[in-house]
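K.L.:
First the structure, then my questions, so here it is.
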Amino acid sequence: MSQKAGEPSAHPLRHVAIIMDGNNRWAAERGLSGTVGHEVGVERVRDVLDGCQRHNIDVVTLFAFSSENWQRPELEVKALMSLLGSYLRKEVPQLLERGVRLKFIGRRDNFSDKLRKLLHDSERATAGGSRTLVLAVDYGGRWEITEAARKLARQVQLGRLRPEGITEQRLEQQMSLVDLPPPDLCIRTAGEQRISNFLLWHLAYSELYFADCYWPDFDGAAFDLAIDNYKQRQRRFGMRDTGAEASKHA
C-alpha cells in the first residue's frame, strides 16, 4: 500500500551513497584547471553532511577515488592525493565536532606511508562518532567482491569452511560495509546514468537518482531535491504491492 502523509516509512532512509562526478567538466567550462574543480567539490561534502543531519541520515558513502582513477594523468593523481591529505588534516576536527565517524574502504597499499598513516589516524580519532562518513578511496566493486571470495577460499583451503557452506550471508560478512546498513539511495551527479564499479554488491536494491548538475554545483538544495524524490518512491525489494495499489505498480 502507498504511504500516507505523516506515517513513518517502512524503509527509512539510513544510508546515502554518492558518485561525485563532473569536477573536471565543471572546471573546463570555466576555463579553470581540473584541480580547482576538485577543490570546489570538497566544499560540497560539507553540504551533504549538513543535509544528512537535516534528514536524520546515519551514513553517507562517497566515491572519492576509484581504482580506475590511477590511469588519469600523473599530475592529476598527485593533486588528488594531496587534496585527500589536506582534506583530512583540515576536516577531522570538524567531523569530531559534528559527531561523525570516518571510515575508509578500498585498497591502501598503493598509497604512500604518510597517507596510509593519515587515513588510519583519522579513523581512530573519529571512532566515537554517532554518524558515519565512508570515503571509498582506491576502491572498485569488482575488487571488493574478489577480495571477499578470496577470503572465503582461504577458509576452505584451511579446512575451516566447506564449499557448500559458502552463502550470500557469509560472502557479505567479508565486505567492507558489513557493519553498516546497505545504501537506500545512490546519487550520481553530472547527468551520467551508470554506477561505474561502485558498491556492486551493496547497491543491489538501492534506489538510483541521477542529478543533471556537476558535483561542484550539488549544494544543499540539490541534496534535498534528491531526498524528496526518494521519499516519493515505493521500495518492494522484488515483492509485489498488496491491495488497491498493486494494480498501479505490478
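As shown in the C-alpha cells, the chain order sets the letters A, B, ...; within each chain, residues go from 1, and ligands are also counted from 1 in the order they appear.
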Can you list, as a list in words, every protein, DNA or RNA residue that comes within 8 Å of region 37-39 of chain A when you count only C-alpha atoms, leaving out same-chain residues fewer than 4 positions away?

P.N.:
Asn23, Asn24, Arg25, Trp26, Ala27, Leu32, Ser33, Glu43, Leu80, Leu83 and Pro216 of chain A

K.L.:
Residues within 8 Å of region 95-108 of chain A, please, as a list in words. Count only C-alpha atoms; anything in the same chain fewer than 5 positions from it doesn't count.

P.N.:
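What passes the distance filter is Arg116, Leu119, Ser122, Glu123, Ala125, Thr126, Ala127, Gly128, Gly129, Ser130, Arg131, Thr132, Leu133, Val134, Leu135, Ala136, Val137, Asp138, Tyr139, Gly140, Glu144 and Ser176 of chain A.
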
K.L.:
Take the residues from that selection and put them in a file with C-alpha atoms, as an mmCIF file, in the first residue's frame.

P.N.:
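Below is the file part-v2.cif, written as the result:
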data_model
loop_
_atom_site.group_PDB
_atom_site.id
_atom_site.type_symbol
_atom_site.label_atom_id
_atom_site.label_comp_id
_atom_site.auth_asym_id
_atom_site.auth_seq_id
_atom_site.Cartn_x
_atom_site.Cartn_y
_atom_site.Cartn_z
ATOM 1 C CA ARG A 116 48.195 5.496 4.932
ATOM 2 C CA LEU A 119 43.917 7.523 6.966
ATOM 3 C CA SER A 122 41.713 9.907 11.018
ATOM 4 C CA GLU A 123 39.638 6.763 11.530
ATOM 5 C CA ALA A 125 40.413 9.938 16.027
ATOM 6 C CA THR A 126 36.756 9.909 14.924
ATOM 7 C CA ALA A 127 35.862 6.368 16.027
ATOM 8 C CA GLY A 128 33.340 7.582 18.609
ATOM 9 C CA GLY A 129 31.067 9.384 16.141
ATOM 10 C CA SER A 130 27.353 8.543 16.010
ATOM 11 C CA ARG A 131 27.037 9.142 12.246
ATOM 12 C CA THR A 132 29.366 7.715 9.612
ATOM 13 C CA LEU A 133 31.118 9.227 6.602
ATOM 14 C CA VAL A 134 32.570 6.495 4.379
ATOM 15 C CA LEU A 135 35.175 7.503 1.805
ATOM 16 C CA ALA A 136 35.800 4.961 -0.942
ATOM 17 C CA VAL A 137 39.431 5.507 -1.997
ATOM 18 C CA ASP A 138 41.290 3.276 -4.451
ATOM 19 C CA TYR A 139 38.039 1.335 -4.459
ATOM 20 C CA GLY A 140 36.363 -0.863 -7.059
ATOM 21 C CA GLU A 144 35.838 -5.889 -3.245
ATOM 22 C CA SER A 176 33.770 -3.520 3.568
#

K.L.:
Which residues are close to Arg150 (chain A), i.e. within 12 Å by only C-alpha atoms, leaving aside same-chain residues fewer than 6 positions away? Reply as a list of chain:residue names.

P.N.:
A:Trp143, A:Glu144, A:Val156, A:Gln157, A:Ile166, A:Leu171, A:Gln174, A:Met175

K.L.:
Using the selection just defined, write its residues with N, CA and C atoms as a PDB file, in the first residue's frame.

P.N.:
ATOM      1  N   TRP A 143      36.790  -5.467  -7.359  1.00  0.00           N
ATOM      2  CA  TRP A 143      37.894  -5.778  -6.449  1.00  0.00           C
ATOM      3  C   TRP A 143      37.357  -6.234  -5.100  1.00  0.00           C
ATOM      4  N   GLU A 144      36.355  -5.539  -4.563  1.00  0.00           N
ATOM      5  CA  GLU A 144      35.838  -5.889  -3.245  1.00  0.00           C
ATOM      6  C   GLU A 144      35.237  -7.287  -3.232  1.00  0.00           C
ATOM      7  N   VAL A 156      38.289 -22.221   3.143  1.00  0.00           N
ATOM      8  CA  VAL A 156      38.079 -23.571   2.599  1.00  0.00           C
ATOM      9  C   VAL A 156      39.408 -24.309   2.532  1.00  0.00           C
ATOM     10  N   GLN A 157      40.437 -23.627   2.072  1.00  0.00           N
ATOM     11  CA  GLN A 157      41.764 -24.236   1.948  1.00  0.00           C
ATOM     12  C   GLN A 157      42.288 -24.717   3.296  1.00  0.00           C
ATOM     13  N   ILE A 166      29.419 -21.876   1.700  1.00  0.00           N
ATOM     14  CA  ILE A 166      29.539 -20.505   1.199  1.00  0.00           C
ATOM     15  C   ILE A 166      28.153 -20.012   0.781  1.00  0.00           C
ATOM     16  N   LEU A 171      29.447 -14.457   2.372  1.00  0.00           N
ATOM     17  CA  LEU A 171      30.199 -13.575   1.492  1.00  0.00           C
ATOM     18  C   LEU A 171      30.035 -12.121   1.927  1.00  0.00           C
ATOM     19  N   GLN A 174      32.268 -10.643   4.563  1.00  0.00           N
ATOM     20  CA  GLN A 174      33.639 -10.284   4.202  1.00  0.00           C
ATOM     21  C   GLN A 174      33.714  -8.911   3.527  1.00  0.00           C
ATOM     22  N   MET A 175      32.566  -8.248   3.351  1.00  0.00           N
ATOM     23  CA  MET A 175      32.525  -6.979   2.631  1.00  0.00           C
ATOM     24  C   MET A 175      32.926  -5.800   3.516  1.00  0.00           C
TER      25      MET A 175
END

K.L.:
What residues in region 107-241 of chain A get the DSSP label strand (DSSP E or B)? Please answer as a VMD selection string.

P.N.:
chain A and resid 131 to 139 185 to 188 207 to 210

K.L.:
Extract, using only C-alpha atoms, all DNA, RNA and protein residues at most 8 Å from Glu192 (chain A), discarding same-chain residues fewer than 3 positions from it, and format them as a list in words.

P.N.:
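Those residues are Arg188, Thr189, Phe210 and Asp212 of chain A.
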
K.L.:
Given only C-alpha atoms as the basis, pick out the residue of A:Val42, A:Leu118, A:Ile19, A:Val48 nearest to Ser66 (chain A).

P.N.:
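Counting only C-alpha atoms, the residue closest to Ser66 (chain A) is A:Ile19.
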
K.L.:
For the structure I just gave you, how does DSSP split region 30-236 of chain A - specifically, which residues are helix (DSSP H, G or I)? Reply as a PyMOL selection string.

P.N.:
chain A and resi 34-54+67-71+74-98+113-125+141-157+163-165+168-172+215-217+220-231

K.L.:
Identify, on the basis of only C-alpha atoms, every residue whose closest approach to Pro181 (chain A) does not exceed 9 Å; exclude the query and any residue fewer than 6 positions from it along the same chain; express the result as a PyMOL selection string.

P.N.:
chain A and resi 14-15+59

K.L.:
Give me, please, the distance in Å between CA of Gln234 (chain A) and CA of Glu172 (chain A), quoted to one decimal.

P.N.:
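We find that CA of Gln234 (chain A) and CA of Glu172 (chain A) lie 25.1 Å from each other.
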
K.L.:
My list of candidates is A:Gly191, A:Asp184, A:Gly159, A:Ala222. Which is closest to Ser206 (chain A) when distances are computed with only C-alpha atoms?

P.N.:
A:Asp184
